[in-house]
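Enquirer: File follows, protein.tsv with TSV, N, CA and C atoms:
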chain	number	residue	atom	x	y	z
B	1366	MET	N	91.47	105.50	104.54
B	1366	MET	CA	90.76	105.56	103.27
B	1366	MET	C	89.99	106.87	103.18
B	1367	ALA	N	89.96	107.41	101.97
B	1367	ALA	CA	89.23	108.66	101.75
B	1367	ALA	C	88.19	108.46	100.65
B	1368	MET	N	87.07	109.14	100.80
B	1368	MET	CA	86.02	109.10	99.78
B	1368	MET	C	86.32	110.17	98.75
B	1369	ILE	N	86.47	109.77	97.48
B	1369	ILE	CA	86.81	110.70	96.39
B	1369	ILE	C	85.74	110.61	95.32
B	1370	THR	N	85.38	111.77	94.77
B	1370	THR	CA	84.44	111.82	93.65
B	1370	THR	C	85.22	111.98	92.35
B	1371	PHE	N	84.92	111.12	91.41
B	1371	PHE	CA	85.52	111.19	90.08
B	1371	PHE	C	84.44	111.65	89.10
B	1372	LYS	N	84.80	112.59	88.25
B	1372	LYS	CA	83.92	113.02	87.16
B	1372	LYS	C	84.60	112.55	85.88
B	1373	ILE	N	84.00	111.58	85.23
B	1373	ILE	CA	84.64	110.93	84.10
B	1373	ILE	C	83.87	111.18	82.83
B	1374	ASN	N	84.62	111.55	81.79
B	1374	ASN	CA	84.03	111.78	80.47
B	1374	ASN	C	83.38	110.49	79.97
B	1375	ARG	N	82.15	110.63	79.51
B	1375	ARG	CA	81.46	109.51	78.88
B	1375	ARG	C	81.06	109.95	77.48
B	1376	PHE	N	81.22	109.05	76.55
B	1376	PHE	CA	80.85	109.33	75.16
B	1376	PHE	C	80.58	108.00	74.47
B	1377	ASP	N	79.41	107.89	73.88
B	1377	ASP	CA	79.05	106.71	73.10
B	1377	ASP	C	78.78	107.18	71.68
B	1378	PRO	N	79.59	106.76	70.71
B	1378	PRO	CA	79.41	107.24	69.34
B	1378	PRO	C	78.07	106.81	68.73
B	1379	ASP	N	77.45	105.79	69.31
B	1379	ASP	CA	76.15	105.34	68.80
B	1379	ASP	C	74.99	106.17	69.32
B	1380	ASP	N	75.24	107.04	70.30
B	1380	ASP	CA	74.20	107.91	70.87
B	1380	ASP	C	74.54	109.36	70.54
B	1381	GLU	N	74.27	109.76	69.30
B	1381	GLU	CA	74.63	111.10	68.82
B	1381	GLU	C	73.90	112.22	69.57
B	1382	ARG	N	72.70	111.95	70.08
B	1382	ARG	CA	71.94	112.98	70.79
B	1382	ARG	C	72.61	113.38	72.11
B	1383	ARG	N	73.23	112.44	72.78
B	1383	ARG	CA	73.78	112.71	74.10
B	1383	ARG	C	75.12	113.43	74.05
B	1384	GLY	N	75.99	113.05	73.14
B	1384	GLY	CA	77.30	113.68	73.04
B	1384	GLY	C	78.17	113.36	74.25
B	1385	HIS	N	79.15	114.22	74.53
B	1385	HIS	CA	80.03	114.03	75.69
B	1385	HIS	C	79.34	114.56	76.95
B	1386	TYR	N	79.52	113.85	78.05
B	1386	TYR	CA	79.01	114.30	79.34
B	1386	TYR	C	79.90	113.73	80.43
B	1387	LEU	N	79.83	114.33	81.61
B	1387	LEU	CA	80.60	113.85	82.76
B	1387	LEU	C	79.69	113.03	83.67
B	1388	GLN	N	80.16	111.86	84.05
B	1388	GLN	CA	79.42	111.01	84.98
B	1388	GLN	C	80.20	110.92	86.27
B	1389	GLU	N	79.51	111.03	87.39
B	1389	GLU	CA	80.16	111.01	88.70
B	1389	GLU	C	80.15	109.61	89.31
B	1390	TYR	N	81.26	109.29	89.95
B	1390	TYR	CA	81.41	108.05	90.71
B	1390	TYR	C	82.09	108.41	92.02
B	1391	ARG	N	81.62	107.82	93.14
B	1391	ARG	CA	82.26	108.05	94.44
B	1391	ARG	C	82.90	106.73	94.87
B	1392	LEU	N	84.19	106.82	95.23
B	1392	LEU	CA	84.94	105.64	95.63
B	1392	LEU	C	85.70	105.89	96.91
B	1393	GLU	N	85.88	104.85	97.70
B	1393	GLU	CA	86.81	104.90	98.82
B	1393	GLU	C	88.17	104.53	98.28
B	1394	ILE	N	89.12	105.43	98.43
B	1394	ILE	CA	90.45	105.26	97.87
B	1394	ILE	C	91.48	105.13	98.99
B	1395	CYS	N	92.35	104.14	98.86
B	1395	CYS	CA	93.40	103.96	99.86
B	1395	CYS	C	94.63	104.79	99.48
B	1396	LYS	N	95.48	105.04	100.44
B	1396	LYS	CA	96.69	105.81	100.22
B	1396	LYS	C	97.57	105.11	99.19
B	1397	GLY	N	98.11	105.88	98.25
B	1397	GLY	CA	98.99	105.34	97.23
B	1397	GLY	C	98.29	104.81	95.99
B	1398	CYS	N	96.97	104.89	95.96
B	1398	CYS	CA	96.20	104.40	94.81
B	1398	CYS	C	96.40	105.31	93.60
B	1399	THR	N	96.48	104.73	92.41
B	1399	THR	CA	96.63	105.51	91.18
B	1399	THR	C	95.27	105.71	90.51
B	1400	VAL	N	95.24	106.63	89.57
B	1400	VAL	CA	94.01	106.88	88.81
B	1400	VAL	C	93.60	105.63	88.06
B	1401	LEU	N	94.57	104.89	87.51
B	1401	LEU	CA	94.24	103.66	86.79
B	1401	LEU	C	93.58	102.64	87.71
B	1402	GLU	N	94.06	102.51	88.93
B	1402	GLU	CA	93.45	101.58	89.88
B	1402	GLU	C	92.01	101.99	90.19
B	1403	ALA	N	91.77	103.30	90.29
B	1403	ALA	CA	90.41	103.78	90.54
B	1403	ALA	C	89.52	103.50	89.33
B	1404	LEU	N	90.03	103.72	88.12
B	1404	LEU	CA	89.25	103.43	86.91
B	1404	LEU	C	88.92	101.94	86.82
B	1405	ASN	N	89.89	101.10	87.18
B	1405	ASN	CA	89.63	99.65	87.18
B	1405	ASN	C	88.53	99.30	88.18
B	1406	GLU	N	88.58	99.90	89.36
B	1406	GLU	CA	87.54	99.62	90.35
B	1406	GLU	C	86.17	100.06	89.85
B	1407	ILE	N	86.11	101.22	89.22
B	1407	ILE	CA	84.83	101.68	88.66
B	1407	ILE	C	84.33	100.68	87.63
B	1408	LYS	N	85.20	100.27	86.72
B	1408	LYS	CA	84.79	99.34	85.67
B	1408	LYS	C	84.38	97.98	86.23
B	1409	TRP	N	85.15	97.44	87.16
B	1409	TRP	CA	84.91	96.10	87.67
B	1409	TRP	C	83.79	96.02	88.69
B	1410	LYS	N	83.56	97.11	89.47
B	1410	LYS	CA	82.59	97.02	90.56
B	1410	LYS	C	81.37	97.92	90.41
B	1411	HIS	N	81.46	98.98	89.57
B	1411	HIS	CA	80.38	99.95	89.52
B	1411	HIS	C	79.73	100.10	88.15
B	1412	ASP	N	80.53	100.09	87.09
B	1412	ASP	CA	79.99	100.35	85.76
B	1412	ASP	C	80.86	99.68	84.70
B	1413	GLY	N	80.47	98.50	84.32
B	1413	GLY	CA	81.22	97.72	83.34
B	1413	GLY	C	81.27	98.31	81.95
B	1414	THR	N	80.48	99.36	81.70
B	1414	THR	CA	80.48	99.96	80.36
B	1414	THR	C	81.57	101.01	80.19
B	1415	LEU	N	82.23	101.43	81.28
B	1415	LEU	CA	83.29	102.43	81.19
B	1415	LEU	C	84.42	101.88	80.33
B	1416	THR	N	84.86	102.68	79.36
B	1416	THR	CA	85.88	102.22	78.41
B	1416	THR	C	87.12	103.10	78.48
B	1417	PHE	N	88.28	102.45	78.62
B	1417	PHE	CA	89.57	103.14	78.62
B	1417	PHE	C	90.63	102.12	78.24
B	1418	ARG	N	91.81	102.63	77.85
B	1418	ARG	CA	92.90	101.73	77.49
B	1418	ARG	C	93.86	101.56	78.67
B	1419	ARG	N	94.42	100.35	78.76
B	1419	ARG	CA	95.45	100.08	79.75
B	1419	ARG	C	96.25	98.89	79.24
B	1420	SER	N	97.49	98.80	79.67
B	1420	SER	CA	98.29	97.68	79.21
B	1420	SER	C	99.35	97.30	80.25
B	1421	CYS	N	100.46	98.03	80.30
B	1421	CYS	CA	101.61	97.58	81.08
B	1421	CYS	C	101.52	97.89	82.57
B	1422	ARG	N	100.80	98.93	82.96
B	1422	ARG	CA	100.68	99.39	84.34
B	1422	ARG	C	102.00	99.83	84.95
B	1423	GLU	N	102.98	100.14	84.10
B	1423	GLU	CA	104.30	100.52	84.60
B	1423	GLU	C	104.81	101.83	84.02
B	1424	GLY	N	103.97	102.58	83.34
B	1424	GLY	CA	104.39	103.87	82.79
B	1424	GLY	C	105.28	103.76	81.57
B	1425	ILE	N	105.23	102.65	80.87
B	1425	ILE	CA	106.12	102.44	79.73
B	1425	ILE	C	105.37	102.58	78.40
B	1426	CYS	N	104.23	101.94	78.27
B	1426	CYS	CA	103.57	101.84	76.96
B	1426	CYS	C	102.80	103.10	76.58
B	1427	GLY	N	102.27	103.84	77.54
B	1427	GLY	CA	101.52	105.06	77.25
B	1427	GLY	C	100.07	104.83	76.87
B	1428	SER	N	99.58	103.61	76.92
B	1428	SER	CA	98.21	103.36	76.49
B	1428	SER	C	97.17	104.00	77.41
B	1429	CYS	N	97.51	104.25	78.66
B	1429	CYS	CA	96.55	104.84	79.60
B	1429	CYS	C	96.69	106.36	79.69
B	1430	ALA	N	97.25	106.98	78.66
B	1430	ALA	CA	97.39	108.44	78.66
B	1430	ALA	C	96.01	109.09	78.60
B	1431	MET	N	95.80	110.07	79.47
B	1431	MET	CA	94.54	110.81	79.51
B	1431	MET	C	94.77	112.13	80.23
B	1432	ASN	N	93.74	112.94	80.30
B	1432	ASN	CA	93.83	114.23	80.96
B	1432	ASN	C	93.17	114.10	82.33
B	1433	MET	N	93.94	114.40	83.38
B	1433	MET	CA	93.44	114.29	84.75
B	1433	MET	C	93.60	115.65	85.41
B	1434	GLU	N	92.49	116.26	85.75
B	1434	GLU	CA	92.50	117.59	86.38
B	1434	GLU	C	93.27	118.61	85.54
B	1435	GLY	N	93.09	118.55	84.22
B	1435	GLY	CA	93.69	119.55	83.34
B	1435	GLY	C	95.13	119.29	82.94
B	1436	THR	N	95.69	118.17	83.38
B	1436	THR	CA	97.07	117.84	83.05
B	1436	THR	C	97.12	116.49	82.35
B	1437	ASN	N	97.80	116.44	81.21
B	1437	ASN	CA	97.96	115.17	80.52
B	1437	ASN	C	98.97	114.31	81.26
B	1438	GLY	N	98.68	113.02	81.35
B	1438	GLY	CA	99.59	112.11	82.04
B	1438	GLY	C	99.15	110.68	81.87
B	1439	LEU	N	99.86	109.80	82.52
B	1439	LEU	CA	99.54	108.37	82.50
B	1439	LEU	C	98.75	108.03	83.76
B	1440	ALA	N	97.61	107.40	83.58
B	1440	ALA	CA	96.76	107.04	84.71
B	1440	ALA	C	97.45	106.04	85.63
B	1441	CYS	N	98.36	105.23	85.07
B	1441	CYS	CA	99.02	104.20	85.88
B	1441	CYS	C	100.11	104.76	86.78
B	1442	THR	N	100.57	105.98	86.51
B	1442	THR	CA	101.63	106.56	87.35
B	1442	THR	C	101.16	107.80	88.11
B	1443	THR	N	99.92	108.20	87.91
B	1443	THR	CA	99.39	109.39	88.59
B	1443	THR	C	98.70	108.98	89.88
B	1444	ALA	N	99.29	109.39	90.99
B	1444	ALA	CA	98.72	109.08	92.30
B	1444	ALA	C	97.53	109.99	92.58
B	1445	ILE	N	96.47	109.42	93.10
B	1445	ILE	CA	95.27	110.19	93.40
B	1445	ILE	C	95.57	111.25	94.45
B	1446	GLU	N	96.44	110.97	95.39
B	1446	GLU	CA	96.76	111.93	96.44
B	1446	GLU	C	97.46	113.17	95.89
B	1447	ASP	N	98.01	113.10	94.67
B	1447	ASP	CA	98.64	114.27	94.05
B	1447	ASP	C	97.62	115.19	93.40
B	1448	LEU	N	96.38	114.74	93.29
B	1448	LEU	CA	95.30	115.54	92.71
B	1448	LEU	C	94.44	116.09	93.84
B	1449	ARG	N	93.71	117.14	93.60
B	1449	ARG	CA	92.94	117.80	94.67
B	1449	ARG	C	91.44	117.70	94.44
B	1450	GLY	N	90.70	117.41	95.49
B	1450	GLY	CA	89.24	117.45	95.46
B	1450	GLY	C	88.64	116.45	94.49
B	1451	GLU	N	87.54	116.88	93.85
B	1451	GLU	CA	86.92	116.05	92.84
B	1451	GLU	C	87.88	115.92	91.66
B	1452	ILE	N	87.99	114.73	91.12
B	1452	ILE	CA	88.95	114.47	90.05
B	1452	ILE	C	88.21	114.30	88.73
B	1453	GLN	N	88.50	115.21	87.80
B	1453	GLN	CA	87.90	115.13	86.47
B	1453	GLN	C	88.88	114.42	85.54
B	1454	VAL	N	88.37	113.38	84.86
B	1454	VAL	CA	89.20	112.59	83.95
B	1454	VAL	C	88.55	112.64	82.57
B	1455	THR	N	89.35	113.09	81.58
B	1455	THR	CA	88.86	113.22	80.21
B	1455	THR	C	89.90	112.63	79.25
B	1456	PRO	N	89.49	112.38	78.00
B	1456	PRO	CA	90.47	111.88	77.03
B	1456	PRO	C	91.52	112.95	76.72
B	1457	LEU	N	92.61	112.54	76.10
B	1457	LEU	CA	93.61	113.52	75.67
B	1457	LEU	C	92.98	114.55	74.76
B	1458	PRO	N	93.29	115.82	74.97
B	1458	PRO	CA	92.70	116.85	74.11
B	1458	PRO	C	93.26	116.79	72.70
B	1459	ALA	N	92.55	117.37	71.76
B	1459	ALA	CA	92.95	117.49	70.36
B	1459	ALA	C	92.97	116.16	69.61
B	1460	LEU	N	92.42	115.10	70.20
B	1460	LEU	CA	92.30	113.82	69.50
B	1460	LEU	C	90.83	113.45	69.43
B	1461	ASP	N	90.43	112.83	68.33
B	1461	ASP	CA	89.06	112.34	68.23
B	1461	ASP	C	88.86	111.22	69.25
B	1462	VAL	N	87.68	111.17	69.83
B	1462	VAL	CA	87.37	110.18	70.85
B	1462	VAL	C	86.59	109.02	70.22
B	1463	VAL	N	87.06	107.81	70.47
B	1463	VAL	CA	86.39	106.62	69.98
B	1463	VAL	C	85.22	106.29	70.91
B	1464	LYS	N	85.50	106.25	72.22
B	1464	LYS	CA	84.48	106.01	73.23
B	1464	LYS	C	85.04	106.37	74.60
B	1465	ASP	N	84.26	107.01	75.44
B	1465	ASP	CA	84.62	107.39	76.81
B	1465	ASP	C	86.01	108.03	76.89
B	1466	LEU	N	87.01	107.30	77.40
B	1466	LEU	CA	88.36	107.85	77.58
B	1466	LEU	C	89.34	107.36	76.51
B	1467	VAL	N	88.83	106.76	75.45
B	1467	VAL	CA	89.68	106.17	74.41
B	1467	VAL	C	89.81	107.12	73.21
B	1468	PRO	N	91.00	107.70	73.01
B	1468	PRO	CA	91.20	108.53	71.83
B	1468	PRO	C	91.54	107.66	70.62
B	1469	GLU	N	91.36	108.24	69.44
B	1469	GLU	CA	91.73	107.54	68.22
B	1469	GLU	C	93.23	107.25	68.25
B	1470	ALA	N	93.61	106.09	67.80
B	1470	ALA	CA	95.02	105.67	67.83
B	1470	ALA	C	95.76	106.27	66.63
B	1471	VAL	N	96.16	107.54	66.76
B	1471	VAL	CA	96.83	108.23	65.65
B	1471	VAL	C	98.22	107.66	65.38
B	1472	TRP	N	98.78	106.93	66.33
B	1472	TRP	CA	100.10	106.33	66.17
B	1472	TRP	C	100.06	105.08	65.32
B	1473	ARG	N	98.91	104.47	65.13
B	1473	ARG	CA	98.81	103.15	64.48
B	1473	ARG	C	99.36	103.13	63.05
B	1474	PRO	N	99.06	104.11	62.19
B	1474	PRO	CA	99.63	104.06	60.84
B	1474	PRO	C	101.16	104.08	60.84
B	1475	ARG	N	101.76	104.88	61.74
B	1475	ARG	CA	103.23	104.91	61.82
B	1475	ARG	C	103.78	103.58	62.30
B	1476	TYR	N	103.13	103.00	63.30
B	1476	TYR	CA	103.55	101.70	63.82
B	1476	TYR	C	103.49	100.64	62.73
B	1477	ASP	N	102.39	100.61	61.98
B	1477	ASP	CA	102.25	99.63	60.91
B	1477	ASP	C	103.31	99.82	59.82
B	1478	ALA	N	103.65	101.08	59.51
B	1478	ALA	CA	104.67	101.35	58.50
B	1478	ALA	C	106.04	100.86	58.95
B	1479	ILE	N	106.35	101.03	60.22
B	1479	ILE	CA	107.64	100.58	60.74
B	1479	ILE	C	107.70	99.05	60.76
B	1480	ASN	N	106.62	98.42	61.13
B	1480	ASN	CA	106.63	96.97	61.29
B	1480	ASN	C	106.33	96.20	60.01
B	1481	GLN	N	106.44	96.84	58.87
B	1481	GLN	CA	106.23	96.11	57.63
B	1481	GLN	C	107.45	95.28	57.25
B	1482	PHE	N	108.55	95.51	57.95
B	1482	PHE	CA	109.79	94.77	57.68
B	1482	PHE	C	109.86	93.54	58.58
B	1483	GLU	N	110.45	92.49	58.05
B	1483	GLU	CA	110.74	91.31	58.88
B	1483	GLU	C	112.21	91.37	59.26
B	1484	TYR	N	112.49	91.05	60.48
B	1484	TYR	CA	113.85	91.05	60.98
B	1484	TYR	C	114.31	89.61	61.19
B	1485	ALA	N	115.54	89.36	60.87
B	1485	ALA	CA	116.10	88.04	61.12
B	1485	ALA	C	117.49	88.21	61.71
B	1486	LEU	N	117.81	87.44	62.74
B	1486	LEU	CA	119.14	87.46	63.32
B	1486	LEU	C	119.98	86.37	62.69
B	1487	THR	N	121.14	86.73	62.28
B	1487	THR	CA	122.07	85.73	61.73
B	1487	THR	C	122.98	85.22	62.84
B	1488	THR	N	123.70	84.17	62.56
B	1488	THR	CA	124.56	83.59	63.58
B	1488	THR	C	125.71	84.51	63.99
B	1489	ASP	N	126.08	85.45	63.10
B	1489	ASP	CA	127.17	86.36	63.45
B	1489	ASP	C	126.66	87.62	64.17
B	1490	GLY	N	125.35	87.64	64.50
B	1490	GLY	CA	124.80	88.73	65.29
B	1490	GLY	C	124.38	89.95	64.49
B	1491	VAL	N	124.45	89.89	63.17
B	1491	VAL	CA	124.07	91.01	62.33
B	1491	VAL	C	122.57	90.90	62.02
B	1492	THR	N	121.83	91.98	62.19
B	1492	THR	CA	120.42	91.98	61.89
B	1492	THR	C	120.21	92.26	60.40
B	1493	VAL	N	119.40	91.44	59.78
B	1493	VAL	CA	119.15	91.57	58.35
B	1493	VAL	C	117.68	91.91	58.16
B	1494	LEU	N	117.38	92.92	57.34
B	1494	LEU	CA	116.01	93.25	56.98
B	1494	LEU	C	115.61	92.42	55.76
B	1495	LYS	N	114.47	91.84	55.80
B	1495	LYS	CA	113.98	91.05	54.65
B	1495	LYS	C	112.93	91.85	53.91
Turn this file's structure into structure tokens for me.
Expert:
Amino acid sequence: MAMITFKINRFDPDDERRGHYLQEYRLEICKGCTVLEALNEIKWKHDGTLTFRRSCREGICGSCAMNMEGTNGLACTTAIEDLRGEIQVTPLPALDVVKDLVPEAVWRPRYDAINQFEYALTTDGVTVLK
């Protein structure tokens, strides 16, 4: 196990005076641990107010996308051992931040537009849009 320092972006929209700042957390990390696992440990054991998105934990959904040490990636597939020294974690750049590591969901309007259709399967296997 290695002791790693994480510097994580914190932002609370209700505290306009403070703005964005980096908060440090020190964790003992085991070999093969991902950034998402470290963020979960911080949230569950050290600071329950830390906010970030996560869902599938398999690199499919993209909900845990963030910037780690200057590179955009998925926290669930980024191994801590692939990063060097203190690890800085920030939201994706060029997106408005809702809170901490959560960017605004710019994909949501497109998703809603696509899902406005109802799909029905017929017995002959043809998909019909309603």
Enquirer: Figure out the distance between atom CA of Gly1435 of chain B and atom CA of Tyr1386 of chain B, please, to one decimal in Å.
Expert: 16.1 Å
Enquirer: Can you tell me which residues surround Gly1384 of chain B at a distance of at most 6.5 Å, considering only N, CA and C atoms, apart from same-chain residues fewer than 5 positions away, and format the answer as a VMD selection string?
Expert: chain B and resid 1375 to 1377
Enquirer: Write to file, as a PDB file, keeping the file's coordinate frame, the residues of the selection just made, with N, CA and C atoms.
Expert:
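Wrote selection_12.pdb, looks like this:
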ATOM      1  N   ARG B1375      82.150 110.630  79.510  1.00  0.00           N
ATOM      2  CA  ARG B1375      81.460 109.510  78.880  1.00  0.00           C
ATOM      3  C   ARG B1375      81.060 109.950  77.480  1.00  0.00           C
ATOM      4  N   PHE B1376      81.220 109.050  76.550  1.00  0.00           N
ATOM      5  CA  PHE B1376      80.850 109.330  75.160  1.00  0.00           C
ATOM      6  C   PHE B1376      80.580 108.000  74.470  1.00  0.00           C
ATOM      7  N   ASP B1377      79.410 107.890  73.880  1.00  0.00           N
ATOM      8  CA  ASP B1377      79.050 106.710  73.100  1.00  0.00           C
ATOM      9  C   ASP B1377      78.780 107.180  71.680  1.00  0.00           C
TER      10      ASP B1377
END
Enquirer: Here is a test: counting only C-alpha atoms, which residue of B:Val1462, B:Cys1429, B:Val1454, B:Cys1441 is nearest to Lys1372 of chain B?
Expert: B:Val1454
Enquirer: Hey, which of B:Glu1469, B:Asp1379, B:Asp1412, B:Glu1402 ends up closest to Ala1440 of chain B? Count all atoms listed in the file.
Expert: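 With all atoms listed in the file as the atom set, the closest residue is B:Glu1402.
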Enquirer: How far is it from atom N of Ile1407 of chain B to atom C of Leu1392 of chain B, in Å with one decimal?
Expert: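 Interatomic distance, atom N of Ile1407 of chain B to atom C of Leu1392 of chain B: 9.0 Å.
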Enquirer: Restricting the calculation to all atoms listed in the file, which member of B:Ala1430, B:Ala1367, B:Thr1416, B:Pro1468 is positioned closest to Cys1395 of chain B?
Expert: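 With all atoms listed in the file as the atom set, the closest residue is B:Ala1367.
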Enquirer: Calculated over only C-alpha atoms, which of the candidates B:Gly1397, B:Gly1413, B:Pro1378, B:Gly1424 has the smallest distance to Leu1448 of chain B?
Expert: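 Of B:Gly1397, B:Gly1413, B:Pro1378, B:Gly1424, the one nearest Leu1448 of chain B, counting only C-alpha atoms, is B:Gly1397.
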Enquirer: Need to verify the contact set: Glu1451 of chain B, 6.5 Å, only N, CA and C atoms, exclusion of same-chain residues closer than 2 positions in sequence. Can you return it as number ranges by chain?
Expert: B: 1369-1372, 1449, 1453
Enquirer: Rank B:Ile1445, B:Ile1425, B:Leu1439, B:Leu1457 by their smallest atom-to-atom distance to Cys1398 of chain B, using all atoms listed in the file, and report the top residue only.
Expert: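 For Cys1398 of chain B, the nearest of the given residues is B:Ile1445.
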Enquirer: Atom CA of Tyr1390 of chain B to atom N of Lys1408 of chain B: how many Å, to one decimal?
Expert: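 Distance between the two atoms: 9.5 Å.
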Enquirer: Mind the document's chain letters and residue numbers, and return as a VMD selection string the residues of chain B that DSSP labels strand (DSSP E).
Expert: chain B and resid 1367 to 1375 1386 to 1394 1430 to 1433 1436 to 1439 1452 to 1455 1462 to 1464 1467 to 1468 1484 to 1486 1492 to 1494
Enquirer: Using only C-alpha atoms, which of B:Val1467, B:Ile1452, B:Leu1387, B:Met1433 sits nearest Arg1419 of chain B?
Expert: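 Looking only at the distances to Arg1419 of chain B, the closest residue turns out to be B:Val1467.
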Enquirer: Using DSSP on the backbone coordinates, identify the residues of chain B assigned to alpha helix (DSSP H); present them as a PDB file with N, CA and C atoms, in the frame of the given file.
Expert:
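Generated output (result.pdb):
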ATOM      1  N   VAL B1400      95.240 106.630  89.570  1.00  0.00           N
ATOM      2  CA  VAL B1400      94.010 106.880  88.810  1.00  0.00           C
ATOM      3  C   VAL B1400      93.600 105.630  88.060  1.00  0.00           C
ATOM      4  N   LEU B1401      94.570 104.890  87.510  1.00  0.00           N
ATOM      5  CA  LEU B1401      94.240 103.660  86.790  1.00  0.00           C
ATOM      6  C   LEU B1401      93.580 102.640  87.710  1.00  0.00           C
ATOM      7  N   GLU B1402      94.060 102.510  88.930  1.00  0.00           N
ATOM      8  CA  GLU B1402      93.450 101.580  89.880  1.00  0.00           C
ATOM      9  C   GLU B1402      92.010 101.990  90.190  1.00  0.00           C
ATOM     10  N   ALA B1403      91.770 103.300  90.290  1.00  0.00           N
ATOM     11  CA  ALA B1403      90.410 103.780  90.540  1.00  0.00           C
ATOM     12  C   ALA B1403      89.520 103.500  89.330  1.00  0.00           C
ATOM     13  N   LEU B1404      90.030 103.720  88.120  1.00  0.00           N
ATOM     14  CA  LEU B1404      89.250 103.430  86.910  1.00  0.00           C
ATOM     15  C   LEU B1404      88.920 101.940  86.820  1.00  0.00           C
ATOM     16  N   ASN B1405      89.890 101.100  87.180  1.00  0.00           N
ATOM     17  CA  ASN B1405      89.630  99.650  87.180  1.00  0.00           C
ATOM     18  C   ASN B1405      88.530  99.300  88.180  1.00  0.00           C
ATOM     19  N   GLU B1406      88.580  99.900  89.360  1.00  0.00           N
ATOM     20  CA  GLU B1406      87.540  99.620  90.350  1.00  0.00           C
ATOM     21  C   GLU B1406      86.170 100.060  89.850  1.00  0.00           C
ATOM     22  N   ARG B1473      98.910 104.470  65.130  1.00  0.00           N
ATOM     23  CA  ARG B1473      98.810 103.150  64.480  1.00  0.00           C
ATOM     24  C   ARG B1473      99.360 103.130  63.050  1.00  0.00           C
ATOM     25  N   PRO B1474      99.060 104.110  62.190  1.00  0.00           N
ATOM     26  CA  PRO B1474      99.630 104.060  60.840  1.00  0.00           C
ATOM     27  C   PRO B1474     101.160 104.080  60.840  1.00  0.00           C
ATOM     28  N   ARG B1475     101.760 104.880  61.740  1.00  0.00           N
ATOM     29  CA  ARG B1475     103.230 104.910  61.820  1.00  0.00           C
ATOM     30  C   ARG B1475     103.780 103.580  62.300  1.00  0.00           C
ATOM     31  N   TYR B1476     103.130 103.000  63.300  1.00  0.00           N
ATOM     32  CA  TYR B1476     103.550 101.700  63.820  1.00  0.00           C
ATOM     33  C   TYR B1476     103.490 100.640  62.730  1.00  0.00           C
ATOM     34  N   ASP B1477     102.390 100.610  61.980  1.00  0.00           N
ATOM     35  CA  ASP B1477     102.250  99.630  60.910  1.00  0.00           C
ATOM     36  C   ASP B1477     103.310  99.820  59.820  1.00  0.00           C
ATOM     37  N   ALA B1478     103.650 101.080  59.510  1.00  0.00           N
ATOM     38  CA  ALA B1478     104.670 101.350  58.500  1.00  0.00           C
ATOM     39  C   ALA B1478     106.040 100.860  58.950  1.00  0.00           C
ATOM     40  N   ILE B1479     106.350 101.030  60.220  1.00  0.00           N
ATOM     41  CA  ILE B1479     107.640 100.580  60.740  1.00  0.00           C
ATOM     42  C   ILE B1479     107.700  99.050  60.760  1.00  0.00           C
TER      43      ILE B1479
END
Enquirer: Since fewer atoms than expected are present, regenerate N, CA, C and O atoms for segment 1454-1462 of chain B and write them as a PDB file, keeping the file's coordinate frame.
Expert:
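Dumped everything to part11.pdb:
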ATOM      1  N   VAL B1454      88.370 113.380  84.860  1.00  0.00           N
ATOM      2  CA  VAL B1454      89.200 112.590  83.950  1.00  0.00           C
ATOM      3  C   VAL B1454      88.550 112.640  82.570  1.00  0.00           C
ATOM      4  O   VAL B1454      87.386 112.278  82.399  1.00  0.00           O
ATOM      5  N   THR B1455      89.350 113.090  81.580  1.00  0.00           N
ATOM      6  CA  THR B1455      88.860 113.220  80.210  1.00  0.00           C
ATOM      7  C   THR B1455      89.900 112.630  79.250  1.00  0.00           C
ATOM      8  O   THR B1455      91.049 112.434  79.621  1.00  0.00           O
ATOM      9  N   PRO B1456      89.490 112.380  78.000  1.00  0.00           N
ATOM     10  CA  PRO B1456      90.470 111.880  77.030  1.00  0.00           C
ATOM     11  C   PRO B1456      91.520 112.950  76.720  1.00  0.00           C
ATOM     12  O   PRO B1456      91.319 114.132  77.032  1.00  0.00           O
ATOM     13  N   LEU B1457      92.610 112.540  76.100  1.00  0.00           N
ATOM     14  CA  LEU B1457      93.610 113.520  75.670  1.00  0.00           C
ATOM     15  C   LEU B1457      92.980 114.550  74.760  1.00  0.00           C
ATOM     16  O   LEU B1457      92.183 114.201  73.870  1.00  0.00           O
ATOM     17  N   PRO B1458      93.290 115.820  74.970  1.00  0.00           N
ATOM     18  CA  PRO B1458      92.700 116.850  74.110  1.00  0.00           C
ATOM     19  C   PRO B1458      93.260 116.790  72.700  1.00  0.00           C
ATOM     20  O   PRO B1458      94.322 116.225  72.453  1.00  0.00           O
ATOM     21  N   ALA B1459      92.550 117.370  71.760  1.00  0.00           N
ATOM     22  CA  ALA B1459      92.950 117.490  70.360  1.00  0.00           C
ATOM     23  C   ALA B1459      92.970 116.160  69.610  1.00  0.00           C
ATOM     24  O   ALA B1459      93.509 116.087  68.519  1.00  0.00           O
ATOM     25  N   LEU B1460      92.420 115.100  70.200  1.00  0.00           N
ATOM     26  CA  LEU B1460      92.300 113.820  69.500  1.00  0.00           C
ATOM     27  C   LEU B1460      90.830 113.450  69.430  1.00  0.00           C
ATOM     28  O   LEU B1460      90.062 113.734  70.352  1.00  0.00           O
ATOM     29  N   ASP B1461      90.430 112.830  68.330  1.00  0.00           N
ATOM     30  CA  ASP B1461      89.060 112.340  68.230  1.00  0.00           C
ATOM     31  C   ASP B1461      88.860 111.220  69.250  1.00  0.00           C
ATOM     32  O   ASP B1461      89.767 110.426  69.499  1.00  0.00           O
ATOM     33  N   VAL B1462      87.680 111.170  69.830  1.00  0.00           N
ATOM     34  CA  VAL B1462      87.370 110.180  70.850  1.00  0.00           C
ATOM     35  C   VAL B1462      86.590 109.020  70.220  1.00  0.00           C
ATOM     36  O   VAL B1462      85.601 109.238  69.544  1.00  0.00           O
TER      37      VAL B1462
END
